[in-house]
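So the structure is just underneath, and the comments pick up after that.
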Amino acid sequence: MKNVLLLALLATVTVGTSQQLGRKASLNELGQIVVTEVAIPETLPARQGGAVTELFSFGRPANPIIKNSRGVTLADIDGDGIEEILYGIDTKLYALEGNGDILWEKDVLGPVLLPPSVADLDDDGTPEIIVNTGYPTTVGRIYVVEGASGNDLPGWPLNFNDNWMINAPAIADVDLDGTLDIITCERAGSAEGYVHALNIDGTEINANWPVLLDATPAFTPSIGDIDNDGGNDVVIATSSTGMYAYDANGTLLTGFPLVDPNVKYSYQSPILVDLDDDSTLEIVGTNHGDAPGFYVLNHDATYYPGWPVATAGWTYSAPTVVDLEEDGSYELFMADRNTSGDGSPLPTIYGLTPDGNDLSNFPISKYGGNEGVLTIADITNDGVMEVIFSSTLTDMDGNGYLHAYSVDGSGEVPGFPLRSRGFTFLNGAVVGDVDDDGMMDITFNSYTQTFGAGIDSTFVNVYDLNVPYSPDAVLSNGYKGNNRRYGLVGEELFDVNEVVWNAEFALSPNPSEGRLALQCNACTETVSVQMVNVEGRLIFSEEVAFQSNPGFEKNLSELSSGIYFVTVSNGTQSKTLKWIKR
C-alpha cells in the first residue's frame with residue numbers, strides 16, 4: 001500500500017443533451033487518489049422521493065492531503081442507552097450526540113484515518129475507544145481512551161518510534177487469558193511492518209509479538225480459530241508479499257504465507273466464516289494487483305472450490321458476509337469500482353454463493369462503482385434486506401451519493417440515493433438510532449477534494465429513515481460488521497478463556513420454529529446453559545443437572561428470527577453451538 005497522495009486529473013468528456021458533467025474518484029497503481037471528469041446521466045436523481053429526512057450534517061475543515069475512509073462508529077460510550085457517533089477529523093477525535101452536539105473532542109498526535117474500535121477492555125461495564133493515528137508524513141500513535149470522557153487510560157497512547165499505526169485496531173482475546181487484546185499494525189517503512197498483540201497495559205501478550213513483516217501491513221487484522229485447534233489465530237496480509245496467519249504464539253500456520261506476485265492487498269480486510277460447516281474457517285476477501293478479484297481461502301491457504309473470481313480491474317472494497325435467509329448458509333457481498341465514464345451502467349455490487357456463483361438478482365449494475373463498505377440491513381421495514389454502499393462519483397457541484405438497493409432485485413429503494421456534500425468514496429454507512437426516537441437512522445461520512453483551491457472539509461451526515469428501529473433489522477453494520485473489527489462471522493469468537501469441550505452436545509430441531517432441545521451423550525454433571533444473540537445480548541441462563549435429566553428443552557417461539565449461540569459450561573470447559581430460529 002503506497003502513501004495516499006492527492007492528484008487531480010481533468011479529463012475531456014463529450015456530454016450529450018441527456019448527460020451532465022460530474023467527477024469520479026479512484027485509487028491508481030501508486031495508491032494516489034485520482035479525480036477525473038466523467039458524464040453523469042440525468043437519470044441519477046437528487047432524490048427519488050420517500051420519507052427519508054436529513055437530521056444534520058457535521059463538518060470541519062480537513063487536511064487536503066489525508067482523507068478518512070471506511071466510515072464512522074456508532075456506540076453508547078456514556079451509558080445513557082443512546083449511541084454516540086465517533087469520528088476523527090485530521091488530528092481531532094470527536095464524540096457527537098445524535099443532534100450534532102459535541103459530547104467531547106480530543107486532540108491526538110497524527111491524523112485519524114479509519115473508524116475507531118470500541119470494546120470494554122477492562123471489563124468494568126464501560127467501553128473504551130481504541131483508535132490508530134498516523135501517516136507517512138506525520139507521527140503516529142495508538143490511543144485507548146475512556147468512552148464517557150475521552151481521557152487517556154494510564155500508559156496510553158503508545159508510541160512506536162513515531163511510526164504510522166496503520167489501519168484500524170481489532171479487539172479479541174487472542175491468547176485466551178480472559179482479557180481482551182488489541183491487535184494492530186505498525187508501518188515502519190515500505191519494506192518493514194509489524195503486527196502487535198497488546199494487553200490493556202500496553203505490553204505485548206507474549207515475547208513472540210510483535211511479528212515482523214517485510215512490507216506495509218495491508219489491512220485491519222481478522223481473528224478467529226481458522227484451523228479448529230481451540231485457539232485464536234491472526235490473519236493479516238502485506239501490501240505486496242502475501243497473506244499470513246499466525247497463532248497466539250506468533251507462529252505461522254501451515255500453508256502460510258500465501259505468496260503470489262500477481263496478487264496484492266490493501267485496505268480490503270477479510271472476513272472469516274465457516275462456509276461449509278466443517279468446523280474450519282474460510283478467509284473471504286478481495287484483492288488488487290495484476291490478478292484482481294474476489295477470493296475465498298481455506299485454512300491452509302489453498303483456494304476454496306470455485307475461487308478466485310476475477311474482476312476486470314482493481315478493487316479495494318472490503319467484503320461483507322451474512323446469512324440472508326437465516327438458514328445456516330452464507331451469502332458473500334463484494335464490490336467493484338467499475339465506472340464506464342460515459343453513463344453506461346456496469347456490474348458493481350456482487351452477491352455470491354459460497355461456491356462462487358451469482359445470487360439471484362446479482363450483480364447489481366449501475367453507473368458509479370464502489371470501493372467502500374457494504375452494510376446489509378432492512379432499512380425500509382418491509383422484511384427485505386438492502387445493500388447500502390457508497391459511490392465513486394460526485395456531480396459537478398461536489399455532491400456525492402449513498403445508495404441502497406434491495407436484494408430482491410427491485411432496484412434502489414425510495415428516498416435514495418442520499419446526496420451528501422463531497423465524495424463518499426472508500427467509505428460506508430452505519431445504521432442505528434442516534435437520536436433515541438425509536439426510528440432508524442443512517443450515518444455516513446463524506447469529504448471534499450479541492451486540491452488546494454480552497455479548504456477541504458469532511459462531514460458526518462445523519463438521516464432519519466422514518467421506519468421503526470430494531471437491531472434485528474441489521475445483519476452487518478459498517479466496517480467489518482461490528483465495532484471490535486475482528487472480522488469473524490457466524491460463530492462465537494473464543495473469548496474469556498474458553499476451552500474446547502469434547503462432550504457430545506446437540507441442539508434440535510435446528511433450524512426451529514421455536515422449540516429448542518439440548519441433548520448430551522453420556523453427560524453426568526450439572527452445567528450452565530446460556531443463549532445470546534448475534535450481538536452478544538443474553539437471552540437466558542439456566543442450570544441443568546444432566547445426571548437427573550435426560551435433556552433440556554425450552555420454548556422460544558417468541559424470539560425474533562435469527563441466529564443464536566448456546567454455550568454449555570461446567571466451569572472449566574465450555575462448548576458453543578449455533579441455533580437458528582426461523
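Residues are referred to by chain and number: the chain letter is A, B, ... according to the order shown in the C-alpha cells, the number counts from 1 in that chain, and ligands are numbered separately from 1 in the order shown.
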(request) Considering only C-alpha atoms, return as a list in words whatever protein or nucleic-acid residues lie within 8 Å of Val118 in chain A, sequence-local ones (same chain, fewer than 5 positions apart) excluded. (result)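 Near Val118 in chain A, the qualifying residues are Ala75, Pro127, Glu128, Ile129, Ile130, Asn483 and Arg484 of chain A.
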Take the residues from that selection and put them in a file with N, CA and C atoms, as an mmCIF file, in the first residue's frame.
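The file below, again-v6.cif, is the result:
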data_model
loop_
_atom_site.group_PDB
_atom_site.id
_atom_site.type_symbol
_atom_site.label_atom_id
_atom_site.label_comp_id
_atom_site.auth_asym_id
_atom_site.auth_seq_id
_atom_site.Cartn_x
_atom_site.Cartn_y
_atom_site.Cartn_z
ATOM 1 N N ALA A 75 -21.664 3.948 18.928
ATOM 2 C CA ALA A 75 -21.539 3.195 20.183
ATOM 3 C C ALA A 75 -22.070 4.042 21.323
ATOM 4 N N PRO A 127 -17.299 1.175 28.123
ATOM 5 C CA PRO A 127 -16.449 0.893 26.968
ATOM 6 C C PRO A 127 -15.230 1.810 26.890
ATOM 7 N N GLU A 128 -14.213 1.288 26.241
ATOM 8 C CA GLU A 128 -13.052 2.084 25.842
ATOM 9 C C GLU A 128 -13.074 2.272 24.322
ATOM 10 N N ILE A 129 -12.459 3.343 23.873
ATOM 11 C CA ILE A 129 -12.328 3.642 22.449
ATOM 12 C C ILE A 129 -10.867 3.448 22.078
ATOM 13 N N ILE A 130 -10.625 2.662 21.038
ATOM 14 C CA ILE A 130 -9.266 2.361 20.607
ATOM 15 C C ILE A 130 -9.116 2.891 19.185
ATOM 16 N N ASN A 483 -18.079 -3.237 15.980
ATOM 17 C CA ASN A 483 -17.135 -2.240 16.476
ATOM 18 C C ASN A 483 -15.830 -2.818 16.997
ATOM 19 N N ARG A 484 -15.747 -4.138 17.171
ATOM 20 C CA ARG A 484 -14.475 -4.733 17.575
ATOM 21 C C ARG A 484 -13.604 -5.093 16.379
#
(request) Using DSSP on the backbone coordinates, identify the residues of range 132-181 of chain A assigned to strand (DSSP E or B); present them as a PyMOL selection string. (result) chain A and resi 132+142-146+152+158+164-172+181
Using only C-alpha atoms, which residues of range 147-257 of chain A come within 10 Å of range 107-113 of chain A, and what is the closest atom pair for each, with the distance in Å to one decimal? Give it as a Markdown table, sorted by chain and residue number.
| residue | atom | partner | partner_atom | distance |
| --- | --- | --- | --- | --- |
| A:Gly150 | CA | A:Asp107 | CA | 9.9 |
| A:Pro157 | CA | A:Val108 | CA | 9.2 |
| A:Asn159 | CA | A:Leu109 | CA | 9.9 |
| A:Asp162 | CA | A:Gly110 | CA | 9.1 |
| A:Asn163 | CA | A:Gly110 | CA | 9.7 |
| A:Trp164 | CA | A:Gly110 | CA | 8.1 |
| A:Met165 | CA | A:Gly110 | CA | 9.3 |
| A:Ile166 | CA | A:Leu113 | CA | 8.6 |
| A:Asn167 | CA | A:Leu113 | CA | 7.6 |
| A:Ala168 | CA | A:Leu113 | CA | 8.4 |
(message) Can you tell me, as a PyMOL selection string, which residues in range 344-578 of chain A count as helix (DSSP H, G or I) by DSSP?
(response) chain A and resi 471-473+479-481
Suppose we keep all heavy atoms; can you now write the selection as a PDB file, in the first residue's frame?
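Wrote it out as part.pdb, contents follow:
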ATOM      1  N   PRO A 471     -32.529  -3.719  16.273  1.00  0.00           N
ATOM      2  CA  PRO A 471     -31.226  -4.319  15.952  1.00  0.00           C
ATOM      3  C   PRO A 471     -31.355  -5.554  15.074  1.00  0.00           C
ATOM      4  O   PRO A 471     -30.431  -5.877  14.318  1.00  0.00           O
ATOM      5  CB  PRO A 471     -30.654  -4.665  17.333  1.00  0.00           C
ATOM      6  CG  PRO A 471     -31.331  -3.746  18.280  1.00  0.00           C
ATOM      7  CD  PRO A 471     -32.714  -3.559  17.731  1.00  0.00           C
ATOM      8  N   ASP A 472     -32.487  -6.250  15.168  1.00  0.00           N
ATOM      9  CA  ASP A 472     -32.684  -7.449  14.359  1.00  0.00           C
ATOM     10  C   ASP A 472     -32.753  -7.132  12.867  1.00  0.00           C
ATOM     11  O   ASP A 472     -32.632  -8.043  12.034  1.00  0.00           O
ATOM     12  CB  ASP A 472     -33.969  -8.169  14.770  1.00  0.00           C
ATOM     13  CG  ASP A 472     -33.901  -8.721  16.184  1.00  0.00           C
ATOM     14  OD1 ASP A 472     -32.785  -8.979  16.659  1.00  0.00           O
ATOM     15  OD2 ASP A 472     -34.963  -8.878  16.816  1.00  0.00           O
ATOM     16  N   ALA A 473     -32.975  -5.876  12.514  1.00  0.00           N
ATOM     17  CA  ALA A 473     -33.064  -5.488  11.108  1.00  0.00           C
ATOM     18  C   ALA A 473     -31.698  -5.266  10.471  1.00  0.00           C
ATOM     19  O   ALA A 473     -31.619  -4.971   9.275  1.00  0.00           O
ATOM     20  CB  ALA A 473     -33.898  -4.212  10.968  1.00  0.00           C
ATOM     21  N   TYR A 479     -17.880  -1.035   8.954  1.00  0.00           N
ATOM     22  CA  TYR A 479     -16.587  -1.647   8.659  1.00  0.00           C
ATOM     23  C   TYR A 479     -16.388  -2.934   9.445  1.00  0.00           C
ATOM     24  O   TYR A 479     -16.393  -2.923  10.673  1.00  0.00           O
ATOM     25  CB  TYR A 479     -15.481  -0.642   8.970  1.00  0.00           C
ATOM     26  CG  TYR A 479     -14.079  -1.108   8.661  1.00  0.00           C
ATOM     27  CD1 TYR A 479     -13.770  -1.677   7.426  1.00  0.00           C
ATOM     28  CD2 TYR A 479     -13.066  -0.972   9.589  1.00  0.00           C
ATOM     29  CE1 TYR A 479     -12.488  -2.090   7.134  1.00  0.00           C
ATOM     30  CE2 TYR A 479     -11.771  -1.377   9.306  1.00  0.00           C
ATOM     31  CZ  TYR A 479     -11.485  -1.939   8.080  1.00  0.00           C
ATOM     32  OH  TYR A 479     -10.204  -2.350   7.802  1.00  0.00           O
ATOM     33  N   LYS A 480     -16.282  -4.044   8.743  1.00  0.00           N
ATOM     34  CA  LYS A 480     -16.066  -5.384   9.283  1.00  0.00           C
ATOM     35  C   LYS A 480     -17.227  -5.878  10.136  1.00  0.00           C
ATOM     36  O   LYS A 480     -17.109  -6.860  10.851  1.00  0.00           O
ATOM     37  CB  LYS A 480     -14.747  -5.468  10.050  1.00  0.00           C
ATOM     38  CG  LYS A 480     -13.530  -5.143   9.192  1.00  0.00           C
ATOM     39  CD  LYS A 480     -12.224  -5.527   9.832  1.00  0.00           C
ATOM     40  CE  LYS A 480     -12.045  -7.032   9.830  1.00  0.00           C
ATOM     41  NZ  LYS A 480     -10.691  -7.395  10.278  1.00  0.00           N
ATOM     42  N   GLY A 481     -18.376  -5.180  10.078  1.00  0.00           N
ATOM     43  CA  GLY A 481     -19.598  -5.696  10.648  1.00  0.00           C
ATOM     44  C   GLY A 481     -19.887  -5.350  12.082  1.00  0.00           C
ATOM     45  O   GLY A 481     -21.032  -5.383  12.513  1.00  0.00           O
TER      46      GLY A 481
END
(message) List as a list in words the protein and nucleic acid residues near range 247-260 of chain A, meaning an atom at most 7 Å away when only C-alpha atoms are counted, but skip any in the same chain fewer than 4 places from it.
(response)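 Contacts, with the query itself left out: Val174, Asp175, Asn208, Trp209, Val211, Asn232, Asp233, Val234, Thr241, Gly242, Met243, Asp300 and Ala301 of chain A.
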List the neighbours of Asn338 in chain A out to 12 Å using only C-alpha atoms; skip same-chain residues closer than 6 positions along the sequence, and give me the result as a PDB file with N, CA, C and O atoms, in the first residue's frame.
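The new file part.pdb reads:
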ATOM      1  N   LYS A  24     -15.281  11.565 -10.842  1.00  0.00           N
ATOM      2  CA  LYS A  24     -15.084  10.201 -10.371  1.00  0.00           C
ATOM      3  C   LYS A  24     -13.759  10.113  -9.625  1.00  0.00           C
ATOM      4  O   LYS A  24     -12.733  10.595 -10.109  1.00  0.00           O
ATOM      5  N   ALA A  25     -13.772   9.492  -8.438  1.00  0.00           N
ATOM      6  CA  ALA A  25     -12.555   9.259  -7.666  1.00  0.00           C
ATOM      7  C   ALA A  25     -12.136   7.802  -7.807  1.00  0.00           C
ATOM      8  O   ALA A  25     -12.971   6.902  -7.905  1.00  0.00           O
ATOM      9  N   SER A  26     -10.823   7.579  -7.805  1.00  0.00           N
ATOM     10  CA  SER A  26     -10.293   6.213  -7.816  1.00  0.00           C
ATOM     11  C   SER A  26      -8.890   6.246  -7.233  1.00  0.00           C
ATOM     12  O   SER A  26      -8.276   7.306  -7.097  1.00  0.00           O
ATOM     13  N   THR A 311     -11.939 -10.061 -11.479  1.00  0.00           N
ATOM     14  CA  THR A 311     -12.604  -8.809 -11.842  1.00  0.00           C
ATOM     15  C   THR A 311     -11.804  -8.136 -12.953  1.00  0.00           C
ATOM     16  O   THR A 311     -10.623  -8.421 -13.150  1.00  0.00           O
ATOM     17  N   ALA A 312     -12.454  -7.229 -13.664  1.00  0.00           N
ATOM     18  CA  ALA A 312     -11.813  -6.579 -14.795  1.00  0.00           C
ATOM     19  C   ALA A 312     -10.732  -5.606 -14.361  1.00  0.00           C
ATOM     20  O   ALA A 312      -9.783  -5.339 -15.109  1.00  0.00           O
ATOM     21  N   GLY A 313     -10.865  -5.060 -13.157  1.00  0.00           N
ATOM     22  CA  GLY A 313      -9.893  -4.093 -12.668  1.00  0.00           C
ATOM     23  C   GLY A 313      -9.705  -4.219 -11.178  1.00  0.00           C
ATOM     24  O   GLY A 313     -10.291  -5.101 -10.529  1.00  0.00           O
ATOM     25  N   TRP A 314      -8.906  -3.354 -10.626  1.00  0.00           N
ATOM     26  CA  TRP A 314      -8.598  -3.393  -9.208  1.00  0.00           C
ATOM     27  C   TRP A 314      -9.850  -3.169  -8.359  1.00  0.00           C
ATOM     28  O   TRP A 314     -10.800  -2.510  -8.787  1.00  0.00           O
ATOM     29  N   THR A 315      -9.817  -3.705  -7.157  1.00  0.00           N
ATOM     30  CA  THR A 315     -10.860  -3.405  -6.180  1.00  0.00           C
ATOM     31  C   THR A 315     -10.241  -3.274  -4.801  1.00  0.00           C
ATOM     32  O   THR A 315      -9.353  -4.036  -4.435  1.00  0.00           O
ATOM     33  N   TYR A 316     -10.688  -2.262  -4.057  1.00  0.00           N
ATOM     34  CA  TYR A 316     -10.289  -2.075  -2.662  1.00  0.00           C
ATOM     35  C   TYR A 316     -11.468  -2.278  -1.710  1.00  0.00           C
ATOM     36  O   TYR A 316     -11.385  -1.951  -0.533  1.00  0.00           O
ATOM     37  N   SER A 317     -12.570  -2.803  -2.220  1.00  0.00           N
ATOM     38  CA  SER A 317     -13.761  -2.925  -1.398  1.00  0.00           C
ATOM     39  C   SER A 317     -13.595  -4.043  -0.379  1.00  0.00           C
ATOM     40  O   SER A 317     -13.103  -5.129  -0.694  1.00  0.00           O
ATOM     41  N   SER A 344     -22.903   4.658 -18.963  1.00  0.00           N
ATOM     42  CA  SER A 344     -23.402   3.288 -19.110  1.00  0.00           C
ATOM     43  C   SER A 344     -23.266   2.533 -17.790  1.00  0.00           C
ATOM     44  O   SER A 344     -22.220   2.587 -17.149  1.00  0.00           O
ATOM     45  N   PRO A 345     -24.312   1.806 -17.376  1.00  0.00           N
ATOM     46  CA  PRO A 345     -24.210   1.022 -16.138  1.00  0.00           C
ATOM     47  C   PRO A 345     -23.306  -0.189 -16.326  1.00  0.00           C
ATOM     48  O   PRO A 345     -23.224  -0.773 -17.413  1.00  0.00           O
ATOM     49  N   LEU A 346     -22.621  -0.576 -15.257  1.00  0.00           N
ATOM     50  CA  LEU A 346     -21.754  -1.746 -15.253  1.00  0.00           C
ATOM     51  C   LEU A 346     -21.998  -2.534 -13.968  1.00  0.00           C
ATOM     52  O   LEU A 346     -22.449  -1.973 -12.964  1.00  0.00           O
ATOM     53  N   PRO A 347     -21.685  -3.836 -13.950  1.00  0.00           N
ATOM     54  CA  PRO A 347     -21.803  -4.596 -12.702  1.00  0.00           C
ATOM     55  C   PRO A 347     -20.957  -3.970 -11.602  1.00  0.00           C
ATOM     56  O   PRO A 347     -19.772  -3.700 -11.802  1.00  0.00           O
ATOM     57  N   THR A 348     -21.570  -3.747 -10.442  1.00  0.00           N
ATOM     58  CA  THR A 348     -20.906  -3.013  -9.363  1.00  0.00           C
ATOM     59  C   THR A 348     -20.939  -3.777  -8.049  1.00  0.00           C
ATOM     60  O   THR A 348     -19.912  -3.946  -7.396  1.00  0.00           O
ATOM     61  N   ILE A 349     -22.117  -4.215  -7.612  1.00  0.00           N
ATOM     62  CA  ILE A 349     -22.266  -4.915  -6.340  1.00  0.00           C
ATOM     63  C   ILE A 349     -22.578  -6.383  -6.627  1.00  0.00           C
ATOM     64  O   ILE A 349     -23.572  -6.693  -7.289  1.00  0.00           O
ATOM     65  N   TYR A 350     -21.716  -7.265  -6.124  1.00  0.00           N
ATOM     66  CA  TYR A 350     -21.855  -8.687  -6.372  1.00  0.00           C
ATOM     67  C   TYR A 350     -22.384  -9.396  -5.126  1.00  0.00           C
ATOM     68  O   TYR A 350     -21.931  -9.139  -4.008  1.00  0.00           O
ATOM     69  N   PRO A 363     -25.144  -9.697 -10.286  1.00  0.00           N
ATOM     70  CA  PRO A 363     -24.702  -8.442  -9.677  1.00  0.00           C
ATOM     71  C   PRO A 363     -25.658  -7.293  -9.953  1.00  0.00           C
ATOM     72  O   PRO A 363     -26.452  -7.346 -10.900  1.00  0.00           O
ATOM     73  N   ILE A 364     -25.574  -6.272  -9.114  1.00  0.00           N
ATOM     74  CA  ILE A 364     -26.306  -5.034  -9.326  1.00  0.00           C
ATOM     75  C   ILE A 364     -25.499  -4.188 -10.311  1.00  0.00           C
ATOM     76  O   ILE A 364     -24.335  -3.877 -10.066  1.00  0.00           O
ATOM     77  N   SER A 365     -26.121  -3.855 -11.432  1.00  0.00           N
ATOM     78  CA  SER A 365     -25.464  -2.992 -12.409  1.00  0.00           C
ATOM     79  C   SER A 365     -25.970  -1.575 -12.246  1.00  0.00           C
ATOM     80  O   SER A 365     -27.179  -1.337 -12.150  1.00  0.00           O
ATOM     81  N   LYS A 366     -25.060  -0.632 -12.204  1.00  0.00           N
ATOM     82  CA  LYS A 366     -25.402   0.776 -12.051  1.00  0.00           C
ATOM     83  C   LYS A 366     -24.258   1.609 -12.576  1.00  0.00           C
ATOM     84  O   LYS A 366     -23.204   1.068 -12.941  1.00  0.00           O
ATOM     85  N   TYR A 367     -24.446   2.898 -12.608  1.00  0.00           N
ATOM     86  CA  TYR A 367     -23.376   3.801 -13.004  1.00  0.00           C
ATOM     87  C   TYR A 367     -22.728   4.366 -11.749  1.00  0.00           C
ATOM     88  O   TYR A 367     -23.393   4.909 -10.876  1.00  0.00           O
ATOM     89  N   GLY A 368     -21.432   4.233 -11.657  1.00  0.00           N
ATOM     90  CA  GLY A 368     -20.686   4.649 -10.479  1.00  0.00           C
ATOM     91  C   GLY A 368     -20.320   3.445  -9.638  1.00  0.00           C
ATOM     92  O   GLY A 368     -21.198   2.745  -9.127  1.00  0.00           O
ATOM     93  N   GLY A 369     -19.028   3.171  -9.505  1.00  0.00           N
ATOM     94  CA  GLY A 369     -18.570   1.992  -8.793  1.00  0.00           C
ATOM     95  C   GLY A 369     -18.471   2.193  -7.292  1.00  0.00           C
ATOM     96  O   GLY A 369     -18.885   3.216  -6.744  1.00  0.00           O
ATOM     97  N   ASN A 370     -17.914   1.173  -6.622  1.00  0.00           N
ATOM     98  CA  ASN A 370     -17.803   1.206  -5.166  1.00  0.00           C
ATOM     99  C   ASN A 370     -16.471   0.608  -4.743  1.00  0.00           C
ATOM    100  O   ASN A 370     -16.048  -0.421  -5.279  1.00  0.00           O
ATOM    101  N   GLU A 371     -15.812   1.257  -3.787  1.00  0.00           N
ATOM    102  CA  GLU A 371     -14.619   0.706  -3.151  1.00  0.00           C
ATOM    103  C   GLU A 371     -14.702   0.881  -1.638  1.00  0.00           C
ATOM    104  O   GLU A 371     -13.691   1.036  -0.969  1.00  0.00           O
ATOM    105  N   SER A 391     -20.247   5.580  -3.274  1.00  0.00           N
ATOM    106  CA  SER A 391     -20.049   5.728  -4.713  1.00  0.00           C
ATOM    107  C   SER A 391     -18.702   6.377  -5.001  1.00  0.00           C
ATOM    108  O   SER A 391     -18.148   7.107  -4.172  1.00  0.00           O
ATOM    109  N   THR A 392     -18.224   6.138  -6.200  1.00  0.00           N
ATOM    110  CA  THR A 392     -17.013   6.815  -6.669  1.00  0.00           C
ATOM    111  C   THR A 392     -17.296   8.211  -7.215  1.00  0.00           C
ATOM    112  O   THR A 392     -16.354   8.928  -7.565  1.00  0.00           O
ATOM    113  N   LEU A 393     -18.579   8.611  -7.285  1.00  0.00           N
ATOM    114  CA  LEU A 393     -18.962   9.807  -8.050  1.00  0.00           C
ATOM    115  C   LEU A 393     -19.401  10.981  -7.174  1.00  0.00           C
ATOM    116  O   LEU A 393     -19.906  10.787  -6.063  1.00  0.00           O
TER     117      LEU A 393
END
(request) Find the residues near range 325-334 of chain A: any atom within 6 Å, counting only C-alpha atoms, skip ones fewer than 4 places away on the same chain, and give them as a list in words. (result)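 Contacts, in chain order: Pro319, Thr320, Val321, Tyr350, Gly351, Leu352, Thr353 and Gly562 of chain A.
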(request) Write out as a list in words each polymer residue whose atoms come within 9 Å of Pro136 in chain A, counting only C-alpha atoms; drop sequence neighbours fewer than 3 positions from it. (result)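 Residues meeting the cut-off are Asn3, Val139, Gly140, Asn163, Trp164, Arg187, Ala188 and Gly189 of chain A.
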(request) Measuring atom to atom with only C-alpha atoms, identify which of A:Ser561, A:Ser222, A:Ser528, A:Asn28 is nearest to Phe540 in chain A. (result) A:Ser528
(request) Could you tell me how far CA of Thr394 in chain A lies from CA of Phe423 in chain A, in Å and to one decimal? (result) 6.1 Å
(request) Can you pull out every residue within 8 Å of Leu158 in chain A, counting only C-alpha atoms, but drop anything in the same chain fewer than 3 positions away, and send it as a ChimeraX atom specification? (result) /A:141-143,155,202
(request) Have a look at A:Cys185, A:Leu212, A:Ile283, A:Leu114 and name the one nearest to Gly428 in chain A; count only C-alpha atoms. (result)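 Ranked by minimum distance to Gly428 in chain A, first place goes to A:Leu114.
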(request) Measuring atom to atom with only C-alpha atoms, identify which of A:Thr524, A:Asn549, A:Thr126, A:Asn161 is nearest to Ser149 in chain A. (result)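 When distances to Ser149 in chain A are compared using only C-alpha atoms, the smallest one comes from A:Thr126.
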